[in-house]
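S.K.: The structure under discussion is supplied below as structure tokens; questions concerning it will follow.
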Amino acid sequence: MGLKDLFSRKKEALVGLDIGGSSVKLVGLDLSSEPAKLLFVGLAPLRGDIFSNNIIVSAAKVSEAILSLIETNGVFDRRVSTAVPAPSVFTKKIKVPRMALKELDANIQFEAGNFIPHNINAVKLDYHILGDGGKNQLDIL
């Protein structure tokens, strides 16, 4: 499996964005050939009080850095891949009884509160139905 297979939406290019503690990085790949070709790499330093307790408090400065990289590298693709640092993400596979989607939202909120060590109202919670979990249950990620 090549890089092109990993991002299989028939894209010819991939733009990656990394917002770090001291800089913003942008990379472009051409996926039309194997191996993929590096189109550009850009780095914009972040200066000043950008973060407080690992939370962006100066979105304007981060936006300026991102826009600078976009303009400098001639990026026009609106599809950008980014990631959240692993210590900030909780992933868990659970089984829940099969239920209506409205009920599922409330149930997931409750279940997540059992293993997330933060106030559940202070996190961005998302889930994906993986499929049938057997015996009238759903597998949820």
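Here's how to read the names in the structure tokens: chain A, B, ... by the order shown, residue numbers from 1 in each chain, ligand numbers from 1 in the order shown.
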Find the residues around Asp132 (chain A) up to 12 Å (only C-alpha atoms counted), leave out those fewer than 4 positions away in its own chain, and share them as a list in words.

M.R.: Ile94, Lys95, Val96, Pro97, Arg98, Met99, Asn136, Gln137, Leu138, Asp139 and Ile140 of chain A

S.K.: Please list as number ranges by chain every residue within 6 Å of region 13-22 of chain A, counting only C-alpha atoms and excluding residues in the same chain fewer than 5 positions away.

M.R.: A: 27-31, 45-46, 80-82

S.K.: Mind giving me the straight-line distance from CA of Arg47 (chain A) to CA of Val24 (chain A) in Å, one decimal?

M.R.: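 Straight-line distance from CA of Arg47 (chain A) to CA of Val24 (chain A) works out to 10.8 Å.
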
S.K.: Excluding Thr91 (chain A) and its own-chain neighbours fewer than 5 positions away, which residues fall within 12 Å of it when counting only C-alpha atoms? Please give them as an MDAnalysis selection string.

M.R.: chainID A and resid 86 112 115:116 125:128 140:141

S.K.: Keeping only N, CA and C atoms, write the selected residues as a PDB file, in the first residue's frame.

M.R.:
ATOM      1  N   ALA A  86      -1.321  13.700  20.258  1.00  0.00           N
ATOM      2  CA  ALA A  86      -1.831  12.504  20.943  1.00  0.00           C
ATOM      3  C   ALA A  86      -2.225  12.729  22.399  1.00  0.00           C
ATOM      4  N   ALA A 112     -18.776   8.568  27.610  1.00  0.00           N
ATOM      5  CA  ALA A 112     -17.489   9.263  27.549  1.00  0.00           C
ATOM      6  C   ALA A 112     -17.128   9.855  28.904  1.00  0.00           C
ATOM      7  N   PHE A 115     -14.802   7.761  31.204  1.00  0.00           N
ATOM      8  CA  PHE A 115     -13.368   7.500  31.036  1.00  0.00           C
ATOM      9  C   PHE A 115     -12.537   8.724  30.661  1.00  0.00           C
ATOM     10  N   ILE A 116     -13.154   9.860  30.358  1.00  0.00           N
ATOM     11  CA  ILE A 116     -12.388  11.071  30.057  1.00  0.00           C
ATOM     12  C   ILE A 116     -12.119  11.803  31.373  1.00  0.00           C
ATOM     13  N   LEU A 125     -16.368  16.384  21.672  1.00  0.00           N
ATOM     14  CA  LEU A 125     -16.650  14.950  21.632  1.00  0.00           C
ATOM     15  C   LEU A 125     -17.211  14.577  20.266  1.00  0.00           C
ATOM     16  N   ASP A 126     -16.650  13.538  19.684  1.00  0.00           N
ATOM     17  CA  ASP A 126     -17.126  13.050  18.396  1.00  0.00           C
ATOM     18  C   ASP A 126     -17.067  11.527  18.438  1.00  0.00           C
ATOM     19  N   TYR A 127     -17.873  10.887  17.615  1.00  0.00           N
ATOM     20  CA  TYR A 127     -17.856   9.429  17.565  1.00  0.00           C
ATOM     21  C   TYR A 127     -18.214   8.971  16.162  1.00  0.00           C
ATOM     22  N   HIS A 128     -17.911   7.705  15.916  1.00  0.00           N
ATOM     23  CA  HIS A 128     -18.212   7.103  14.622  1.00  0.00           C
ATOM     24  C   HIS A 128     -18.791   5.713  14.875  1.00  0.00           C
ATOM     25  N   ILE A 140     -18.879   1.342  18.542  1.00  0.00           N
ATOM     26  CA  ILE A 140     -18.684   2.786  18.404  1.00  0.00           C
ATOM     27  C   ILE A 140     -17.222   3.113  18.678  1.00  0.00           C
ATOM     28  N   LEU A 141     -16.658   4.008  17.881  1.00  0.00           N
ATOM     29  CA  LEU A 141     -15.309   4.515  18.134  1.00  0.00           C
ATOM     30  C   LEU A 141     -15.457   5.951  18.587  1.00  0.00           C
TER      31      LEU A 141
END

S.K.: Looking only at alpha helix (DSSP H) from DSSP on the backbone, list the matching residues of chain A as a PyMOL selection string.

M.R.: chain A and resi 3-6+59-73+101-113

S.K.: Give me a file of those residues, with C-alpha atoms, as a compact mmCIF listing (two decimals), in the first residue's frame.

M.R.:
# COMPACT_ATOMS: atom_id res chain seq x y z
CA LEU A 3 0.79 6.84 0.20
CA LYS A 4 -1.67 7.36 -2.64
CA ASP A 5 -3.74 4.37 -1.43
CA LEU A 6 -3.79 5.74 2.11
CA ALA A 59 -5.90 32.90 16.88
CA ALA A 60 -5.08 36.01 14.84
CA LYS A 61 -1.31 35.39 15.09
CA VAL A 62 -1.73 31.72 14.18
CA SER A 63 -3.97 32.68 11.24
CA GLU A 64 -1.38 35.20 10.04
CA ALA A 65 1.32 32.52 10.11
CA ILE A 66 -0.87 30.07 8.18
CA LEU A 67 -1.86 32.68 5.58
CA SER A 68 1.78 33.67 5.14
CA LEU A 69 2.72 30.05 4.40
CA ILE A 70 -0.21 29.65 2.01
CA GLU A 71 0.73 32.79 0.07
CA THR A 72 4.47 32.06 0.05
CA ASN A 73 3.95 28.53 -1.29
CA LEU A 101 -29.52 8.26 16.74
CA LYS A 102 -31.03 10.88 19.08
CA GLU A 103 -30.64 8.54 22.02
CA LEU A 104 -27.17 7.55 20.87
CA ASP A 105 -25.85 11.12 21.22
CA ALA A 106 -26.91 11.29 24.88
CA ASN A 107 -25.64 7.78 25.57
CA ILE A 108 -22.21 8.52 24.05
CA GLN A 109 -21.97 11.70 26.14
CA PHE A 110 -22.70 9.66 29.28
CA GLU A 111 -20.30 6.83 28.36
CA ALA A 112 -17.49 9.26 27.55
CA GLY A 113 -17.87 10.87 30.96

S.K.: Could you pull out the residues in region 11-59 of chain A that DSSP calls strand (DSSP E or B) from the backbone, as a list of chain:residue names?

M.R.: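 Filtering region 11-59 of chain A down to strand (DSSP E or B) leaves A:Ala13, A:Leu14, A:Val15, A:Gly16, A:Leu17, A:Asp18, A:Ile19, A:Ser23, A:Val24, A:Lys25, A:Leu26, A:Val27, A:Gly28, A:Leu29, A:Asp30, A:Lys37, A:Leu38, A:Leu39, A:Phe40, A:Val41, A:Gly42, A:Leu43, A:Ala44, A:Pro45, A:Phe51, A:Ser52, A:Ile55, A:Ile56.
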